[in-house]
$ cat coords_27.csv   # CSV, C-alpha atoms
chain,number,residue,atom,x,y,z
A,1,MET,CA,-18.4,-12.5,21.2
A,2,GLU,CA,-14.8,-11.4,21.1
A,3,LEU,CA,-14.7,-12.6,17.5
A,4,ILE,CA,-17.8,-10.7,16.5
A,5,ASN,CA,-16.4,-7.6,18.0
A,6,LEU,CA,-13.2,-8.1,16.0
A,7,ALA,CA,-15.1,-8.6,12.8
A,8,VAL,CA,-17.2,-5.4,13.3
A,9,LYS,CA,-14.1,-3.5,14.1
A,10,ALA,CA,-12.3,-4.7,11.0
A,11,ILE,CA,-15.2,-4.0,8.7
A,12,PHE,CA,-16.4,-0.6,9.9
A,13,VAL,CA,-14.2,1.0,12.5
A,14,GLU,CA,-10.8,0.2,11.2
A,15,ASN,CA,-11.6,-0.4,7.6
A,16,ILE,CA,-8.6,-1.7,5.9
A,17,LEU,CA,-8.9,0.8,3.0
A,18,LEU,CA,-10.4,3.8,4.6
A,19,ALA,CA,-8.4,3.8,7.8
A,20,TYR,CA,-5.2,2.0,6.8
A,21,PHE,CA,-5.1,3.0,3.1
A,22,LEU,CA,-4.3,-0.6,2.0
A,23,GLY,CA,-5.2,-1.8,-1.5
A,24,MET,CA,-5.5,1.7,-2.9
A,25,CYS,CA,-4.0,0.9,-6.3
A,26,SER,CA,-6.5,-1.7,-7.4
A,27,TYR,CA,-9.2,0.3,-5.6
A,28,LEU,CA,-8.5,3.3,-7.8
A,29,ALA,CA,-8.1,1.3,-11.0
A,30,VAL,CA,-11.1,-1.0,-10.8
A,31,SER,CA,-13.7,1.2,-9.2
A,32,LYS,CA,-15.2,2.5,-12.4
A,33,LYS,CA,-18.0,0.0,-12.8
A,34,VAL,CA,-20.0,-1.7,-10.1
A,35,SER,CA,-19.9,-5.1,-11.8
A,36,THR,CA,-16.1,-5.3,-12.0
A,37,ALA,CA,-15.7,-3.9,-8.5
A,38,PHE,CA,-18.1,-6.6,-7.3
A,39,GLY,CA,-15.9,-9.3,-8.9
A,40,LEU,CA,-12.7,-8.0,-7.5
A,41,GLY,CA,-14.2,-7.4,-4.1
A,42,LEU,CA,-15.3,-11.1,-3.9
A,43,ALA,CA,-11.9,-12.3,-5.0
A,44,VAL,CA,-10.2,-10.3,-2.3
A,45,ILE,CA,-12.5,-11.7,0.4
A,46,PHE,CA,-11.8,-15.2,-1.0
A,47,VAL,CA,-8.0,-14.9,-1.1
A,48,LEU,CA,-7.8,-13.2,2.3
A,49,ALA,CA,-9.9,-16.0,3.9
A,50,ILE,CA,-7.3,-18.5,2.6
A,51,THR,CA,-4.0,-16.7,2.8
A,52,THR,CA,-4.3,-15.3,6.4
A,53,PRO,CA,-4.7,-18.7,8.2
A,54,VAL,CA,-2.0,-20.2,6.0
A,55,ASN,CA,0.4,-17.4,6.8
A,56,TRP,CA,-0.5,-17.8,10.4
A,57,LEU,CA,0.5,-21.5,10.3
A,58,VAL,CA,3.7,-20.7,8.5
A,59,HIS,CA,4.6,-17.9,10.9
A,60,THR,CA,3.8,-19.9,14.1
A,61,TYR,CA,5.4,-23.2,13.2
A,62,ILE,CA,8.3,-22.2,11.1
A,63,LEU,CA,9.3,-18.5,11.3
A,64,GLN,CA,8.6,-17.2,14.8
A,65,LYS,CA,11.3,-17.2,17.4
A,66,GLY,CA,11.6,-20.6,18.8
A,67,ALA,CA,9.0,-22.0,16.4
A,68,LEU,CA,11.2,-24.7,15.2
A,69,ALA,CA,11.4,-26.3,18.6
A,70,TRP,CA,9.0,-29.0,17.5
A,71,LEU,CA,11.6,-30.2,15.1
A,72,HIS,CA,14.5,-30.5,17.5
A,73,PRO,CA,15.0,-28.9,20.9
A,74,ALA,CA,18.3,-27.5,19.7
A,75,TYR,CA,16.5,-25.3,17.2
A,76,ALA,CA,14.6,-23.5,20.0
A,77,ARG,CA,16.8,-20.4,19.6
A,78,VAL,CA,16.4,-20.0,15.9
A,79,ASP,CA,14.6,-16.8,14.9
A,80,LEU,CA,13.6,-16.7,11.3
A,81,SER,CA,11.1,-13.8,11.6
A,82,PHE,CA,13.3,-11.5,9.4
A,83,LEU,CA,12.2,-13.8,6.5
A,84,ASN,CA,8.5,-12.9,7.1
A,85,PHE,CA,8.1,-10.6,4.1
A,86,ILE,CA,9.6,-12.8,1.5
A,87,VAL,CA,7.9,-16.0,2.8
A,88,PHE,CA,4.5,-14.3,3.1
A,89,ILE,CA,4.6,-12.9,-0.4
A,90,ALA,CA,5.7,-16.3,-1.8
A,91,VAL,CA,2.8,-17.9,0.1
A,92,ILE,CA,0.3,-15.4,-1.2
A,93,ALA,CA,1.6,-15.7,-4.8
A,94,SER,CA,1.4,-19.5,-4.7
A,95,MET,CA,-2.0,-19.6,-2.9
A,96,VAL,CA,-3.4,-17.2,-5.5
A,97,GLN,CA,-2.1,-19.5,-8.3
A,98,ILE,CA,-3.6,-22.6,-6.6
A,99,VAL,CA,-6.9,-20.9,-6.0
A,100,GLU,CA,-7.0,-19.9,-9.6
A,101,MET,CA,-6.4,-23.5,-10.8
A,102,VAL,CA,-9.0,-25.0,-8.3
A,103,VAL,CA,-11.6,-22.5,-9.3
A,104,GLU,CA,-11.0,-23.2,-12.9
A,105,LYS,CA,-11.6,-26.9,-12.3
A,106,ILE,CA,-14.6,-26.6,-10.1
A,107,SER,CA,-16.7,-23.9,-11.5
A,108,ALA,CA,-16.3,-22.3,-14.9
A,109,LYS,CA,-18.9,-19.7,-14.0
A,110,LEU,CA,-17.0,-18.5,-10.9
A,111,TYR,CA,-13.8,-18.6,-12.9
A,112,HIS,CA,-15.2,-16.2,-15.4
A,113,ALA,CA,-16.4,-13.9,-12.6
A,114,LEU,CA,-13.1,-13.9,-10.7
A,115,GLY,CA,-10.5,-15.2,-13.2
A,116,ILE,CA,-9.0,-12.0,-14.5
A,117,PHE,CA,-8.8,-10.4,-11.0
A,118,LEU,CA,-6.9,-13.2,-9.3
A,119,PRO,CA,-3.4,-12.5,-10.7
A,120,LEU,CA,-3.9,-8.8,-9.9
A,121,ILE,CA,-4.5,-9.7,-6.3
A,122,THR,CA,-0.9,-10.9,-5.6
A,123,VAL,CA,0.3,-7.3,-5.7
A,124,ASN,CA,-2.7,-5.9,-3.7
A,125,CYS,CA,-1.2,-4.6,-0.5
A,126,ALA,CA,-4.3,-5.3,1.5
A,127,ILE,CA,-3.5,-9.1,1.3
A,128,LEU,CA,0.1,-8.7,2.6
A,129,GLY,CA,-1.0,-6.0,5.0
A,130,VAL,CA,-3.5,-8.2,6.7
A,131,SER,CA,-0.8,-10.9,7.2
A,132,LEU,CA,1.6,-8.4,8.6
A,133,PHE,CA,-1.0,-6.9,11.0
A,134,MET,CA,-1.8,-10.4,12.2
A,135,VAL,CA,1.8,-10.9,13.2
A,136,GLU,CA,2.1,-7.5,14.7
A,137,ARG,CA,-1.0,-8.0,16.8
A,138,ASP,CA,-0.4,-11.6,17.9
A,139,TYR,CA,-3.7,-13.0,16.8
A,140,THR,CA,-4.7,-16.6,17.4
A,141,ILE,CA,-5.7,-18.7,14.4
A,142,ALA,CA,-9.4,-18.2,14.9
A,143,GLU,CA,-8.9,-14.4,15.3
A,144,SER,CA,-6.7,-14.3,12.2
A,145,THR,CA,-9.2,-16.1,10.0
A,146,ILE,CA,-12.0,-13.8,11.2
A,147,PHE,CA,-9.8,-10.8,10.8
A,148,GLY,CA,-8.9,-11.9,7.2
A,149,ILE,CA,-12.5,-12.4,6.1
A,150,ALA,CA,-13.7,-9.2,7.8
A,151,SER,CA,-11.0,-7.1,6.3
A,152,GLY,CA,-11.9,-8.4,2.9
A,153,ALA,CA,-15.5,-7.6,3.6
A,154,GLY,CA,-14.6,-4.1,4.6
A,155,TRP,CA,-12.6,-3.6,1.4
A,156,PHE,CA,-15.5,-5.0,-0.6
A,157,LEU,CA,-17.9,-2.5,1.0
A,158,ALA,CA,-15.6,0.4,0.2
A,159,ILE,CA,-14.9,-0.5,-3.4
A,160,ILE,CA,-18.6,-1.2,-4.1
A,161,SER,CA,-19.7,2.2,-2.7
A,162,MET,CA,-17.0,4.0,-4.6
A,163,ALA,CA,-17.9,2.3,-7.9
A,164,ALA,CA,-21.6,3.2,-7.4
A,165,ILE,CA,-20.7,6.8,-6.8
A,166,ARG,CA,-18.3,7.0,-9.8
A,167,GLU,CA,-21.0,5.6,-12.1
A,168,LYS,CA,-23.2,8.5,-11.1
A,169,LEU,CA,-20.3,10.9,-11.3
A,170,ARG,CA,-20.1,10.5,-15.0
A,171,TYR,CA,-23.0,12.8,-15.4
A,172,ALA,CA,-21.5,15.5,-13.1
A,173,ASN,CA,-19.5,18.5,-14.4
A,174,VAL,CA,-16.2,18.1,-12.5
A,175,PRO,CA,-13.5,20.7,-13.0
A,176,LYS,CA,-11.0,19.5,-15.5
A,177,GLY,CA,-7.9,19.1,-13.3
A,178,LEU,CA,-9.9,17.3,-10.7
A,179,ARG,CA,-11.2,14.5,-13.0
A,180,GLY,CA,-10.0,11.0,-12.3
A,181,LEU,CA,-7.7,10.7,-9.4
A,182,GLY,CA,-8.4,14.1,-7.8
A,183,ILE,CA,-12.2,13.7,-7.3
A,184,THR,CA,-11.9,10.0,-6.4
A,185,MET,CA,-9.5,11.0,-3.6
A,186,LEU,CA,-11.9,13.7,-2.3
A,187,ILE,CA,-14.9,11.3,-2.4
A,188,THR,CA,-12.9,8.6,-0.6
A,189,GLY,CA,-12.1,11.2,2.1
A,190,LEU,CA,-15.8,11.8,2.5
A,191,ILE,CA,-16.6,8.1,2.7
A,192,ALA,CA,-13.8,7.7,5.3
A,193,MET,CA,-15.3,10.5,7.3
A,194,ALA,CA,-18.6,8.8,7.2
A,195,PHE,CA,-17.0,5.6,8.4
A,196,MET,CA,-15.3,7.3,11.2
A,197,SER,CA,-18.7,7.8,12.9
A,198,PHE,CA,-18.6,4.1,13.6
A,199,SER,CA,-15.7,4.5,15.9
A,200,GLY,CA,-16.3,3.6,19.5
A,201,ILE,CA,-18.7,0.8,18.7
A,202,ASN,CA,-18.3,-2.1,21.1
A,203,ILE,CA,-20.4,-5.2,21.1
B,1,MET,CA,16.9,9.6,-23.7
B,2,SER,CA,19.7,11.2,-21.8
B,3,ASN,CA,20.4,10.3,-18.2
B,4,LYS,CA,19.5,13.7,-17.0
B,5,LYS,CA,16.1,13.6,-18.6
B,6,THR,CA,15.5,10.1,-17.3
B,7,PHE,CA,16.3,11.4,-13.8
B,8,LEU,CA,14.3,14.7,-14.0
B,9,GLU,CA,11.2,13.5,-15.8
B,10,PRO,CA,9.5,11.5,-13.0
B,11,ILE,CA,10.2,14.1,-10.4
B,12,ILE,CA,7.5,16.6,-11.5
B,13,LYS,CA,6.3,16.0,-15.1
B,14,ASN,CA,5.6,12.2,-14.8
B,15,ASN,CA,5.4,12.0,-11.1
B,16,PRO,CA,4.7,8.4,-9.9
B,17,ILE,CA,2.0,9.3,-7.5
B,18,THR,CA,0.1,12.2,-9.0
B,19,ILE,CA,0.4,11.3,-12.7
B,20,GLN,CA,1.1,7.6,-12.9
B,21,VAL,CA,-1.2,6.9,-9.9
B,22,LEU,CA,1.0,4.3,-8.4
B,23,GLY,CA,2.0,3.6,-4.8
B,24,ILE,CA,-0.8,5.6,-3.2
B,25,CYS,CA,-1.2,3.3,-0.1
B,26,SER,CA,2.1,4.1,1.6
B,27,ALA,CA,1.9,7.7,0.5
B,28,LEU,CA,-1.1,8.2,2.6
B,29,ALA,CA,-0.5,5.9,5.5
B,30,VAL,CA,2.9,7.1,6.8
B,31,THR,CA,2.4,10.9,6.3
B,32,SER,CA,0.7,11.9,9.5
B,33,GLN,CA,4.1,13.4,10.5
B,34,LEU,CA,7.0,14.8,8.6
B,35,LYS,CA,9.8,12.6,9.9
B,36,PRO,CA,8.4,9.2,8.9
B,37,SER,CA,7.5,10.6,5.5
B,38,ILE,CA,11.1,11.6,4.9
B,39,VAL,CA,12.4,8.2,6.1
B,40,MET,CA,9.9,6.4,3.9
B,41,GLY,CA,10.8,8.6,0.9
B,42,ILE,CA,14.5,7.8,1.3
B,43,SER,CA,13.8,4.0,1.9
B,44,VAL,CA,11.7,3.8,-1.2
B,45,THR,CA,14.3,5.7,-3.3
B,46,VAL,CA,17.1,3.3,-2.1
B,47,ILE,CA,14.9,0.2,-2.8
B,48,ILE,CA,13.8,1.3,-6.3
B,49,ALA,CA,17.3,2.4,-7.3
B,50,ALA,CA,19.0,-0.8,-6.0
B,51,SER,CA,16.5,-3.2,-7.4
B,52,ASN,CA,16.4,-1.4,-10.7
B,53,VAL,CA,20.2,-1.8,-11.0
B,54,ILE,CA,20.1,-5.5,-10.0
B,55,VAL,CA,17.3,-6.4,-12.3
B,56,SER,CA,18.9,-4.5,-15.1
B,57,LEU,CA,22.2,-6.4,-14.6
B,58,ILE,CA,20.5,-9.8,-14.8
B,59,ARG,CA,17.9,-8.8,-17.4
B,60,LYS,CA,19.4,-11.0,-20.1
B,61,TRP,CA,19.2,-14.1,-18.0
B,62,ILE,CA,15.7,-13.7,-16.6
B,63,PRO,CA,13.3,-16.1,-18.5
B,64,LYS,CA,10.2,-14.1,-19.6
B,65,ASN,CA,7.5,-16.1,-17.9
B,66,VAL,CA,9.0,-16.2,-14.4
B,67,ARG,CA,10.1,-12.6,-14.4
B,68,ILE,CA,7.5,-11.4,-11.9
B,69,ILE,CA,8.7,-13.9,-9.3
B,70,VAL,CA,12.3,-13.0,-9.9
B,71,GLU,CA,11.5,-9.3,-9.5
B,72,MET,CA,9.5,-9.9,-6.4
B,73,THR,CA,12.4,-11.8,-4.9
B,74,VAL,CA,14.8,-9.0,-5.6
B,75,ILE,CA,12.4,-6.4,-4.2
B,76,ALA,CA,11.7,-8.4,-1.1
B,77,THR,CA,15.4,-8.9,-0.4
B,78,MET,CA,16.0,-5.2,-0.6
B,79,VAL,CA,13.1,-4.4,1.6
B,80,ILE,CA,14.3,-6.9,4.2
B,81,LEU,CA,17.7,-5.2,4.2
B,82,VAL,CA,16.2,-1.7,4.6
B,83,ASP,CA,13.8,-3.0,7.4
B,84,GLN,CA,16.7,-4.6,9.3
B,85,PHE,CA,18.7,-1.4,8.9
B,86,LEU,CA,15.8,0.8,10.2
B,87,ARG,CA,15.2,-1.5,13.2
B,88,ALA,CA,18.9,-1.4,14.1
B,89,PHE,CA,19.6,2.3,13.8
B,90,MET,CA,16.2,4.2,13.9
B,91,TYR,CA,14.0,2.0,16.1
B,92,GLU,CA,11.5,4.7,16.9
B,93,VAL,CA,10.7,5.6,13.3
B,94,SER,CA,10.6,1.9,12.3
B,95,LYS,CA,7.9,1.4,15.1
B,96,GLN,CA,6.0,4.3,13.6
B,97,LEU,CA,6.2,3.0,10.1
B,98,SER,CA,5.1,-0.5,11.4
B,99,ILE,CA,4.0,-2.7,8.6
B,100,PHE,CA,4.4,-0.1,5.9
B,101,VAL,CA,8.1,-0.8,5.4
B,102,GLY,CA,7.1,-4.4,4.6
B,103,LEU,CA,4.4,-3.2,2.3
B,104,ILE,CA,7.0,-1.5,0.0
B,105,ILE,CA,7.2,-5.0,-1.5
B,106,THR,CA,3.7,-4.6,-3.0
B,107,ASN,CA,4.3,-0.9,-3.8
B,108,CYS,CA,3.4,-0.8,-7.4
B,109,ILE,CA,5.9,1.9,-8.2
B,110,VAL,CA,8.8,-0.5,-7.6
B,111,LEU,CA,7.4,-3.3,-9.7
B,112,GLY,CA,6.2,-0.8,-12.3
B,113,ARG,CA,9.7,0.6,-12.8
B,114,LEU,CA,11.3,-2.8,-13.0
B,115,GLU,CA,8.8,-4.0,-15.6
B,116,GLY,CA,8.7,-0.8,-17.5
B,117,PHE,CA,12.3,0.4,-17.4
B,118,ALA,CA,15.0,-1.9,-15.9
B,119,LEU,CA,14.1,-4.9,-18.0
B,120,GLN,CA,14.9,-3.0,-21.3
B,121,ASN,CA,17.7,-0.7,-20.2
B,122,LYS,CA,21.3,-0.7,-19.1
B,123,PRO,CA,22.2,-0.4,-15.4
B,124,ALA,CA,23.3,3.3,-15.5
B,125,PRO,CA,20.0,4.7,-16.9
B,126,SER,CA,18.1,2.3,-14.6
B,127,LEU,CA,19.9,3.8,-11.6
B,128,PHE,CA,18.9,7.3,-12.6
B,129,ASP,CA,15.3,6.2,-13.4
B,130,GLY,CA,15.1,4.6,-10.0
B,131,LEU,CA,16.5,7.7,-8.2
B,132,GLY,CA,14.2,10.0,-10.1
B,133,ASN,CA,11.1,8.0,-9.4
B,134,GLY,CA,12.0,7.6,-5.8
B,135,LEU,CA,12.6,11.3,-5.4
B,136,GLY,CA,9.3,12.2,-7.2
B,137,TYR,CA,7.5,9.9,-4.7
B,138,GLY,CA,9.4,11.3,-1.7
B,139,LEU,CA,8.6,14.8,-2.8
B,140,ILE,CA,4.8,14.2,-2.6
B,141,LEU,CA,5.2,12.3,0.7
B,142,ILE,CA,7.1,15.2,2.2
B,143,ALA,CA,4.5,17.7,0.9
B,144,ILE,CA,1.6,15.8,2.4
B,145,GLY,CA,3.6,15.0,5.6
B,146,ALA,CA,4.5,18.7,6.2
B,147,PHE,CA,0.9,19.9,5.7
B,148,ARG,CA,-0.6,17.2,7.9
B,149,GLU,CA,1.8,17.8,10.7
B,150,LEU,CA,1.6,21.6,10.5
B,151,LEU,CA,-2.1,21.8,10.3
B,152,GLY,CA,-2.9,18.8,12.5
B,153,ALA,CA,-0.4,19.3,15.4
B,154,GLY,CA,1.1,22.8,14.7
B,155,LYS,CA,4.6,21.2,14.6
B,156,LEU,CA,7.2,20.3,12.0
B,157,MET,CA,9.7,17.4,12.7
B,158,GLY,CA,8.3,17.4,16.2
B,159,VAL,CA,9.2,21.1,16.9
B,160,GLN,CA,6.4,23.5,17.7
B,161,VAL,CA,6.1,25.9,14.8
B,162,ILE,CA,2.8,27.7,15.5
B,163,PRO,CA,3.5,30.0,18.4
B,164,GLN,CA,1.5,30.0,21.6
B,165,TRP,CA,0.0,33.4,21.1
B,166,MET,CA,-1.9,32.1,18.1
B,167,TYR,CA,-3.5,29.5,20.3
B,168,ASN,CA,-4.3,32.2,22.8
B,169,MET,CA,-6.1,34.2,20.1
B,170,GLY,CA,-8.3,31.2,19.5
B,171,TYR,CA,-6.4,29.2,16.8
B,172,GLU,CA,-7.0,25.5,17.0
B,173,ASN,CA,-5.3,22.5,15.5
B,174,ASN,CA,-7.3,20.7,12.9
B,175,GLY,CA,-7.5,17.2,14.2
B,176,LEU,CA,-9.0,15.9,11.0
B,177,MET,CA,-5.7,16.3,9.2
B,178,VAL,CA,-4.0,13.6,11.4
B,179,LEU,CA,-6.8,11.1,10.7
B,180,ALA,CA,-7.4,9.2,7.4
B,181,PRO,CA,-9.8,11.6,5.7
B,182,GLY,CA,-7.4,14.5,5.9
B,183,ALA,CA,-4.8,12.5,4.0
B,184,PHE,CA,-7.3,11.8,1.2
B,185,PHE,CA,-8.4,15.4,1.0
B,186,LEU,CA,-4.8,16.7,0.9
B,187,LEU,CA,-3.7,14.3,-1.8
B,188,GLY,CA,-6.8,15.1,-3.9
B,189,LEU,CA,-6.0,18.8,-3.6
B,190,ILE,CA,-2.3,18.3,-4.5
B,191,VAL,CA,-3.3,16.3,-7.6
B,192,TRP,CA,-5.7,19.0,-8.6
B,193,LEU,CA,-3.1,21.7,-8.2
B,194,GLN,CA,-0.5,19.8,-10.1
B,195,ARG,CA,-2.8,18.9,-13.0
B,196,THR,CA,-3.9,22.5,-13.3
B,197,ILE,CA,-0.3,23.6,-13.6
B,198,THR,CA,0.9,20.8,-16.0
B,199,LYS,CA,-2.3,20.7,-17.9
B,200,GLU,CA,-2.2,16.9,-18.0
B,201,TYR,CA,-5.9,16.0,-17.7
B,202,GLU,CA,-7.5,12.7,-17.3
B,203,GLU,CA,-10.8,12.0,-19.0
B,204,GLU,CA,-13.5,10.2,-17.0
$ encode --input "coords_27.csv" --output "structure tokens"
Amino acid sequence: MELINLAVKAIFVENILLAYFLGMCSYLAVSKKVSTAFGLGLAVIFVLAITTPVNWLVHTYILQKGALAWLHPAYARVDLSFLNFIVFIAVIASMVQIVEMVVEKISAKLYHALGIFLPLITVNCAILGVSLFMVERDYTIAESTIFGIASGAGWFLAIISMAAIREKLRYANVPKGLRGLGITMLITGLIAMAFMSFSGINI
Amino acid sequence: MSNKKTFLEPIIKNNPITIQVLGICSALAVTSQLKPSIVMGISVTVIIAASNVIVSLIRKWIPKNVRIIVEMTVIATMVILVDQFLRAFMYEVSKQLSIFVGLIITNCIVLGRLEGFALQNKPAPSLFDGLGNGLGYGLILIAIGAFRELLGAGKLMGVQVIPQWMYNMGYENNGLMVLAPGAFFLLGLIVWLQRTITKEYEEE
């Protein structure tokens, strides 16, 4: 039950894009067509579902204060958590690379759908952001995995709705200076406002 | 291009946020108050300038196909230094910025400048390019931060600016400004204003 609550919260109430502004760059760049937005959204869910638990393991058993005690009791005082950033980004980059190779081997169809987006994802701040949130909020491994997947799903939802709106927007007469970034920001604000009405939901 | 032009161009004319559309995430997330916006602007300026210079110094020894990893390592090292510094000397602000200091690593402005400028240029112009882009970014942050704090809480830098008699006459703070949608609206409006002035339009 706790986990369902966490998932609902991560998807709707505290949407990673609409409430925490993470992953804006790729959101703005790739939300012009629903089909590409769909591919990128799936890829983000996929990568988040893998990197969040892996980063949890790395953080808990290697980097956290006293985490190295399993190696030798003398290491119990070692605190490597200042290395969090550099290790997380390395894990994400290498996991993305591995996922890309595995997907290419297993399913050519999936590779064609996700392929071009995977390298882009390394620098998507939503991925690193979820790992950092997980550390800041002391999640367990089950919670981290659910949080990762749910955040990805929330991001997917946001980019799909934006892409759908932007496809229709092409027929609208938007003031010149507002075209592109300006109008996209305003619409994102409206979507964020709509999502705020979910706040307070508890299951 | 002269150093002066390299420095001035990204501040208004080719602003990283409003024209190049890079680094939006942190621009929105940390700007609910003015103080963290200023700290964030300075941190990003330091990080871009420093990593620009470092990458420019070693640009001839970086093999082409592993350059992204090398650049990421340089950026991450700089970010760790800044993060440790903030934690040691400005603990309150670093708590407010929470994960967004770490997210400077994936801030596309930094990587974009390294890829687009430092790899082809000497250290001195790279320094100016880094400073210019950092300031251009900081400027937008400060503008959004000032508006959000002023309209959302009636304060600037934590000091009450809107006098009590205004509240007595029925003025109310706009709570929406502190929340996420307010940030989106403000940035959209700033972009509109700037593009109307510079006449740099984007076709949809």
$ residues_around --input "coords_27.csv" --residues "Arg87 of chain B" --least-positions-apart "6" --cutoff "12 Å" --atoms "all atoms listed in the file" --output "list of chain:residue names"
A:Phe82, B:Ile80, B:Leu81, B:Val93, B:Ser94, B:Lys95, B:Gln96, B:Leu97, B:Ser98, B:Val101
$ residues_around --input "coords_27.csv" --residues "Gln84 of chain B" --least-positions-apart "2" --cutoff "12 Å" --atoms "only C-alpha atoms" --output "MDAnalysis selection string"
(chainID A and resid 81:85) or (chainID B and resid 43 77:82 86:91 94 101:102)
$ residues_around --input "coords_27.csv" --residues "Glu167 of chain A" --least-positions-apart "4" --cutoff "7 Å" --atoms "all atoms listed in the file" --output "list in words"
Lys32, Lys33 and Ala163 of chain A
$ atom_distance --input "coords_27.csv" --atom1 "atom CA of Lys35 of chain B" --atom2 "atom CA of Ala19 of chain A"
20.3 Å
$ closest_residue --input "coords_27.csv" --among "A:Leu22, A:Glu14, A:Thr145, A:Lys9" --to "Leu179 of chain B" --atoms "only C-alpha atoms"
A:Glu14
$ residues_near_point --input "coords_27.csv" --point "(-17.5, 1.8, 22.8)" --cutoff "12 Å" --atoms "all atoms listed in the file" --output "count of residues only"
11
$ closest_atom_pairs --input "coords_27.csv" --of "chain B" --to "chain A" --cutoff "6 Å" --atoms "all atoms listed in the file" --output "JSON lines"
{"residue": "B:Cys25", "atom": "CA", "partner": "A:Phe21", "partner_atom": "CA", "distance": 5.1}
{"residue": "B:Ala29", "atom": "CA", "partner": "A:Phe21", "partner_atom": "CA", "distance": 5.9}
{"residue": "B:Ala76", "atom": "CA", "partner": "A:Ile86", "partner_atom": "CA", "distance": 5.5}
{"residue": "B:Thr106", "atom": "CA", "partner": "A:Val123", "partner_atom": "CA", "distance": 5.1}
{"residue": "B:Ala180", "atom": "CA", "partner": "A:Ala19", "partner_atom": "CA", "distance": 5.5}
{"residue": "B:Pro181", "atom": "CA", "partner": "A:Gly189", "partner_atom": "CA", "distance": 4.3}
{"residue": "B:Phe184", "atom": "CA", "partner": "A:Gly189", "partner_atom": "CA", "distance": 4.9}
{"residue": "B:Phe185", "atom": "CA", "partner": "A:Leu186", "partner_atom": "CA", "distance": 5.1}
{"residue": "B:Gly188", "atom": "CA", "partner": "A:Gly182", "partner_atom": "CA", "distance": 4.3}
{"residue": "B:Val191", "atom": "CA", "partner": "A:Gly182", "partner_atom": "CA", "distance": 5.6}
{"residue": "B:Trp192", "atom": "CA", "partner": "A:Leu178", "partner_atom": "CA", "distance": 5.0}
{"residue": "B:Arg195", "atom": "CA", "partner": "A:Gly177", "partner_atom": "CA", "distance": 5.1}
{"residue": "B:Thr196", "atom": "CA", "partner": "A:Gly177", "partner_atom": "CA", "distance": 5.2}
{"residue": "B:Tyr201", "atom": "CA", "partner": "A:Gly177", "partner_atom": "CA", "distance": 5.7}
{"residue": "B:Glu202", "atom": "CA", "partner": "A:Gly180", "partner_atom": "CA", "distance": 5.8}
{"residue": "B:Glu204", "atom": "CA", "partner": "A:Gly180", "partner_atom": "CA", "distance": 5.9}
$ write_last_selection --input "coords_27.csv" --atoms "C-alpha atoms" --output "mmCIF file, in the frame of the given file"
data_model
loop_
_atom_site.group_PDB
_atom_site.id
_atom_site.type_symbol
_atom_site.label_atom_id
_atom_site.label_comp_id
_atom_site.auth_asym_id
_atom_site.auth_seq_id
_atom_site.Cartn_x
_atom_site.Cartn_y
_atom_site.Cartn_z
ATOM 1 C CA CYS B 25 -1.200 3.300 -0.100
ATOM 2 C CA ALA B 29 -0.500 5.900 5.500
ATOM 3 C CA ALA B 76 11.700 -8.400 -1.100
ATOM 4 C CA THR B 106 3.700 -4.600 -3.000
ATOM 5 C CA ALA B 180 -7.400 9.200 7.400
ATOM 6 C CA PRO B 181 -9.800 11.600 5.700
ATOM 7 C CA PHE B 184 -7.300 11.800 1.200
ATOM 8 C CA PHE B 185 -8.400 15.400 1.000
ATOM 9 C CA GLY B 188 -6.800 15.100 -3.900
ATOM 10 C CA VAL B 191 -3.300 16.300 -7.600
ATOM 11 C CA TRP B 192 -5.700 19.000 -8.600
ATOM 12 C CA ARG B 195 -2.800 18.900 -13.000
ATOM 13 C CA THR B 196 -3.900 22.500 -13.300
ATOM 14 C CA TYR B 201 -5.900 16.000 -17.700
ATOM 15 C CA GLU B 202 -7.500 12.700 -17.300
ATOM 16 C CA GLU B 204 -13.500 10.200 -17.000
#
